[in-house]
Protein chains: 2
Amino acid sequence: MRADLSRNMVGKVSRRAFVSAGAAAIFLRDGLAMANGEVQSDPLPSWNNTPSKQMVLDFVRDTTDKSSPKYVQPADRIATFDQDGTLWTEHPLYGQAQFALARLAEMAPKHTEWKTKEPFKSVLAGDRAAMGKFSEADWLQIVAATHTGMSNEAFAGLVNDWITTAKAPRFDRLYTDLIYQPMLEVMQYLRANGFRTYIVTGGGQEFVRAYSDRVYGVPPEQVVGSSIVTQYVDTNGKPVLMREPKVFFIDDGPGKAIGINMFIGKRPQAAFGNSGSTDFKAGDAQMLEWAQAGDGARLMMLVLHDDAKREYAYGPAAGLPDTSVGTFSEALLLKATKNAWVVISMKNDWKKIYPWES
Amino acid sequence: MRADLSRNMVGKVSRRAFVSAGAAAIFLRDGLAMANGEVQSDPLPSWNNTPSKQMVLDFVRDTTDKSSPKYVQPADRIATFDQDGTLWTEHPLYGQAQFALARLAEMAPKHTEWKTKEPFKSVLAGDRAAMGKFSEADWLQIVAATHTGMSNEAFAGLVNDWITTAKAPRFDRLYTDLIYQPMLEVMQYLRANGFRTYIVTGGGQEFVRAYSDRVYGVPPEQVVGSSIVTQYVDTNGKPVLMREPKVFFIDDGPGKAIGINMFIGKRPQAAFGNSGSTDFKAGDAQMLEWAQAGDGARLMMLVLHDDAKREYAYGPAAGLPDTSVGTFSEALLLKATKNAWVVISMKNDWKKIYPWES
């Protein structure tokens, strides 16, 4: 009943509804009280006591309590998380795009032809307006130039070098410092309850694998992402996988459900995202639909970026203009409402955004 | 030293060398004696006391003993197994091909055009000679006709119906009865020692997933296989993945190393196969090379089908003519020798082949 109450509260989605009801706090305190009267330590300390938080707690209780009709065997406990905008900051530009631009700048002296050739010319000139209008084909050219022609191992080395040193704009911190503490807590809480947490990202699978275990506690075999074709090549008796300038799989939009089936072959009970374009060709809508289409307890959550002060605010769902980076479209908001997905307000649901905040 | 001895014995591969040396039995008994004088129960009772068996025992000891320089953290313990010919019988024809032919026969009344159209005509006429000459394109037509145009769930249902009822020729038993007891023991022994066992098959990923957990104890997320394109489709508000007549990924030959990297992202310490064509475009050679290219303890094993009495004997490595089904070519034998891979003689290394043998 408690879960139903929260669900209804969240179900009536409007811009105002994102301001979480303080009244729910009493249910939350109650929910944390154990049968024997002792109070458990809060597994989600960076969350305000809102219905969103309660939904997570209810979900874990329902799926792990053997007496619950919604109990799920440990082997089948799966939760999937989008990365960009769901686990870490994606504005002003995706981390991987920043990596690609940094690589281009580094490679430019050996590619003088780029001075006059788009899309490279605009990147090297730092023309953000032009870059904002880049087509998918433009970005593919940039990826081809910066992400291919080397082995997977060499690529992982480049990513590691960059991600352990490059600073994100505005915060002047490592990109991996811009991960969301409340989402880390959800991942840890789920894992402590027998769930396996997967990252299901539109970003590059090998890019994310280079740091996912260290940063999120998600091992390589639990990273599902976009990928390019690789070629098995024997180099001096040692085989390597060489990265080719050809797309293999785009793990975005419908690709997220396809990727989940292909890599996991089990339906997640919980799915967390933050974006969806108007045509749903990009983003997390299908991943959440795929999770929801199963039986028993289901938890579908979308992070809304509505906190310009502590992070960023963007997209139609936040009442702001559209953005090509992680848009939360009106269409996604309607779908979320219709399907009773939980919309997490960063501003209201999260006490703390980043781990290093005091 | 014991391991080196076995390795040298296996290293000197010749047809005769497959006859395992009985002298190794004494080392084996010794190996099973624990430090405190007690004798452990044999984890591989269906194996004769041969060097092959000792290699498995040594490998597990080296990778799981914390004092060993070759110790591997539990999270990184990965073993990969080909299916056809390595975990179950593949002759006279792959199980999945038998499934496809059975489906064709079942669908034929609604496809009168097949009576005059190849490759269907030959299949329906039961022309084994013609079928033996089918090209890859012919088989793709058969796969397209029998494996696509339905959802993954519907397909899994068809596979389940067939595999729980269809009988394999010669033995008149379910296909899943024709699994190799000694390999099941290796899988179980590895899992009992913290390894995750993956199936890495040239066969269809969704086909194998339909029974892998029940039959081998390998859950869907640990099945890496060939796949076709799927399409995310909304059917009456419920999403399904529809199977399209288009190849997505061929997990065979070099594809096995690519598939392992894509799905697991970690290098297996142990890899088990049984086949390799002369050009190495098909089979398990690259999977074993990929495993071997890592540091520390490595175990690469190939099952040789040299037991016509209890199972089948085929392929150049068994001194028999080439076969298009699971060939163990002379080229693979040379590669195995050069790389000191262990060649398992079904005839000499295995006390028992199938679980139901007395």
# chains A, B, ... in the order shown; residues from 1 in each chain; ligands from 1
>>> select_by_dssp(residues="region 102-343 of chain A", states="helix (DSSP H, G or I)", output="MDAnalysis selection string")
chainID A and resid 102:110 112:116 120:124 128:132 136:147 152:163 175:177 181:192 205:209 212:216 220:222 254:263 285:292 316:318 330:339
>>> closest_atom_pairs(of="chain B", to="chain A", cutoff="6 Å", atoms="only C-alpha atoms", output="CSV")
residue,atom,partner,partner_atom,distance
B:Pro220,CA,A:Gly265,CA,5.3
B:Glu221,CA,A:Ile264,CA,4.3
B:Tyr232,CA,A:Pro254,CA,5.8
B:Pro254,CA,A:Tyr232,CA,5.8
B:Ile264,CA,A:Glu221,CA,4.3
B:Gly265,CA,A:Pro220,CA,5.3
>>> residues_around(residues="Glu90 (chain B)", least_positions_apart="3", cutoff="12 Å", atoms="only C-alpha atoms", output="number ranges by chain")
B: 82-87, 93-98, 168-169, 175-176, 178-180, 203, 274-275, 305, 311-314, 323-327
>>> select_by_dssp(residues="region 135-284 of chain B", states="strand (DSSP E or B)", output="compact mmCIF listing (two decimals) with C-alpha atoms, in the first residue's frame")
# COMPACT_ATOMS: atom_id res chain seq x y z
CA SER B 151 10.05 -13.05 -31.16
CA LYS B 167 15.67 -37.94 -30.31
CA ALA B 168 19.18 -38.00 -31.72
CA ARG B 173 18.09 -40.34 -26.85
CA LEU B 174 17.41 -36.67 -26.26
CA ILE B 179 26.54 -34.33 -23.28
CA ARG B 196 32.71 -18.73 -14.08
CA THR B 197 32.12 -21.10 -16.97
CA TYR B 198 31.05 -19.57 -20.29
CA ILE B 199 29.84 -21.32 -23.38
CA VAL B 200 31.38 -19.72 -26.48
CA THR B 201 29.67 -21.33 -29.42
CA GLY B 202 29.46 -20.92 -33.16
CA GLY B 203 25.86 -21.99 -32.67
CA GLY B 204 23.00 -19.62 -32.06
CA VAL B 223 26.35 -17.89 -23.26
CA VAL B 224 28.23 -16.17 -26.09
CA GLY B 225 27.10 -17.28 -29.51
CA SER B 226 26.25 -16.35 -33.05
CA SER B 227 23.25 -14.11 -33.43
CA ILE B 228 20.91 -12.56 -35.92
CA VAL B 229 19.59 -9.01 -35.95
CA THR B 230 16.60 -8.36 -33.73
CA GLN B 231 14.14 -5.51 -33.96
CA TYR B 232 12.47 -3.84 -30.98
CA VAL B 233 8.74 -3.93 -31.69
CA ASP B 234 5.80 -2.81 -29.61
CA THR B 235 3.01 -5.40 -29.74
CA LYS B 238 4.26 -4.96 -24.78
CA PRO B 239 7.70 -4.79 -26.37
CA VAL B 240 9.23 -7.85 -27.98
CA LEU B 241 12.43 -8.48 -29.90
CA MET B 242 11.56 -9.81 -33.33
CA ARG B 243 14.09 -12.02 -35.07
CA GLU B 244 15.13 -10.77 -38.52
CA PRO B 245 16.61 -12.84 -41.36
CA LYS B 246 19.94 -11.05 -41.14
CA VAL B 247 23.17 -12.20 -39.55
CA PHE B 248 24.44 -9.98 -36.75
CA PHE B 249 27.48 -11.78 -35.38
CA ALA B 270 41.15 -21.76 -19.60
CA ALA B 271 39.59 -22.54 -22.98
CA PHE B 272 38.19 -25.80 -24.31
CA GLY B 273 37.38 -26.58 -27.92
CA GLY B 276 39.56 -25.91 -36.41
CA GLY B 283 36.54 -23.46 -34.98
>>> atom_distance(atom1="CA of Ile344 (chain B)", atom2="CA of Ser52 (chain B)")
6.4 Å
>>> residues_around(residues="Ala308 (chain B)", least_positions_apart="2", cutoff="12 Å", atoms="only C-alpha atoms", output="list in words")
His91, Pro92, Leu304, His305, Asp306, Arg310, Glu311, Tyr312, Ala313, Tyr314, Gly315, Ala318, Leu320, Ser345, Met346, Lys347 and Ile353 of chain B
>>> residues_around(residues="Leu101 (chain B)", least_positions_apart="4", cutoff="8 Å", atoms="only C-alpha atoms", output="ChimeraX atom specification")
/B:97,105,123,142
>>> residues_around(residues="Met131 (chain B)", least_positions_apart="3", cutoff="8 Å", atoms="only C-alpha atoms", output="ChimeraX atom specification")
/B:119,122-123,127-128,134
>>> write_last_selection(atoms="C-alpha atoms", output="PDB file, in the first residue's frame")
ATOM      1  CA  PRO B 119      18.091 -25.890 -50.516  1.00  0.00           C
ATOM      2  CA  SER B 122      17.008 -31.552 -50.862  1.00  0.00           C
ATOM      3  CA  VAL B 123      16.178 -31.289 -47.179  1.00  0.00           C
ATOM      4  CA  ASP B 127      19.006 -36.114 -49.626  1.00  0.00           C
ATOM      5  CA  ARG B 128      21.933 -36.328 -47.180  1.00  0.00           C
ATOM      6  CA  PHE B 134      25.317 -27.166 -48.759  1.00  0.00           C
TER       7      PHE B 134
END
>>> atom_distance(atom1="CA of Thr146 (chain B)", atom2="CA of Tyr216 (chain B)")
25.1 Å
>>> residues_around(residues="Leu332 (chain A)", least_positions_apart="4", cutoff="9 Å", atoms="only C-alpha atoms", output="list in words")
Ser275, Gly276, Ser277, Thr278, Phe280, Ala285, Ala317, Phe328, Ala336 and Thr337 of chain A
>>> atom_distance(atom1="CA of Thr112 (chain A)", atom2="CA of Ala156 (chain A)")
26.2 Å
>>> closest_residue(among="B:Ala145, B:Thr50, B:Thr164, B:Pro355", to="Trp88 (chain B)", atoms="only C-alpha atoms")
B:Pro355
>>> closest_residue(among="A:Met187, A:Trp162, A:Lys70, A:Asp307", to="Asp58 (chain A)", atoms="only C-alpha atoms")
A:Lys70
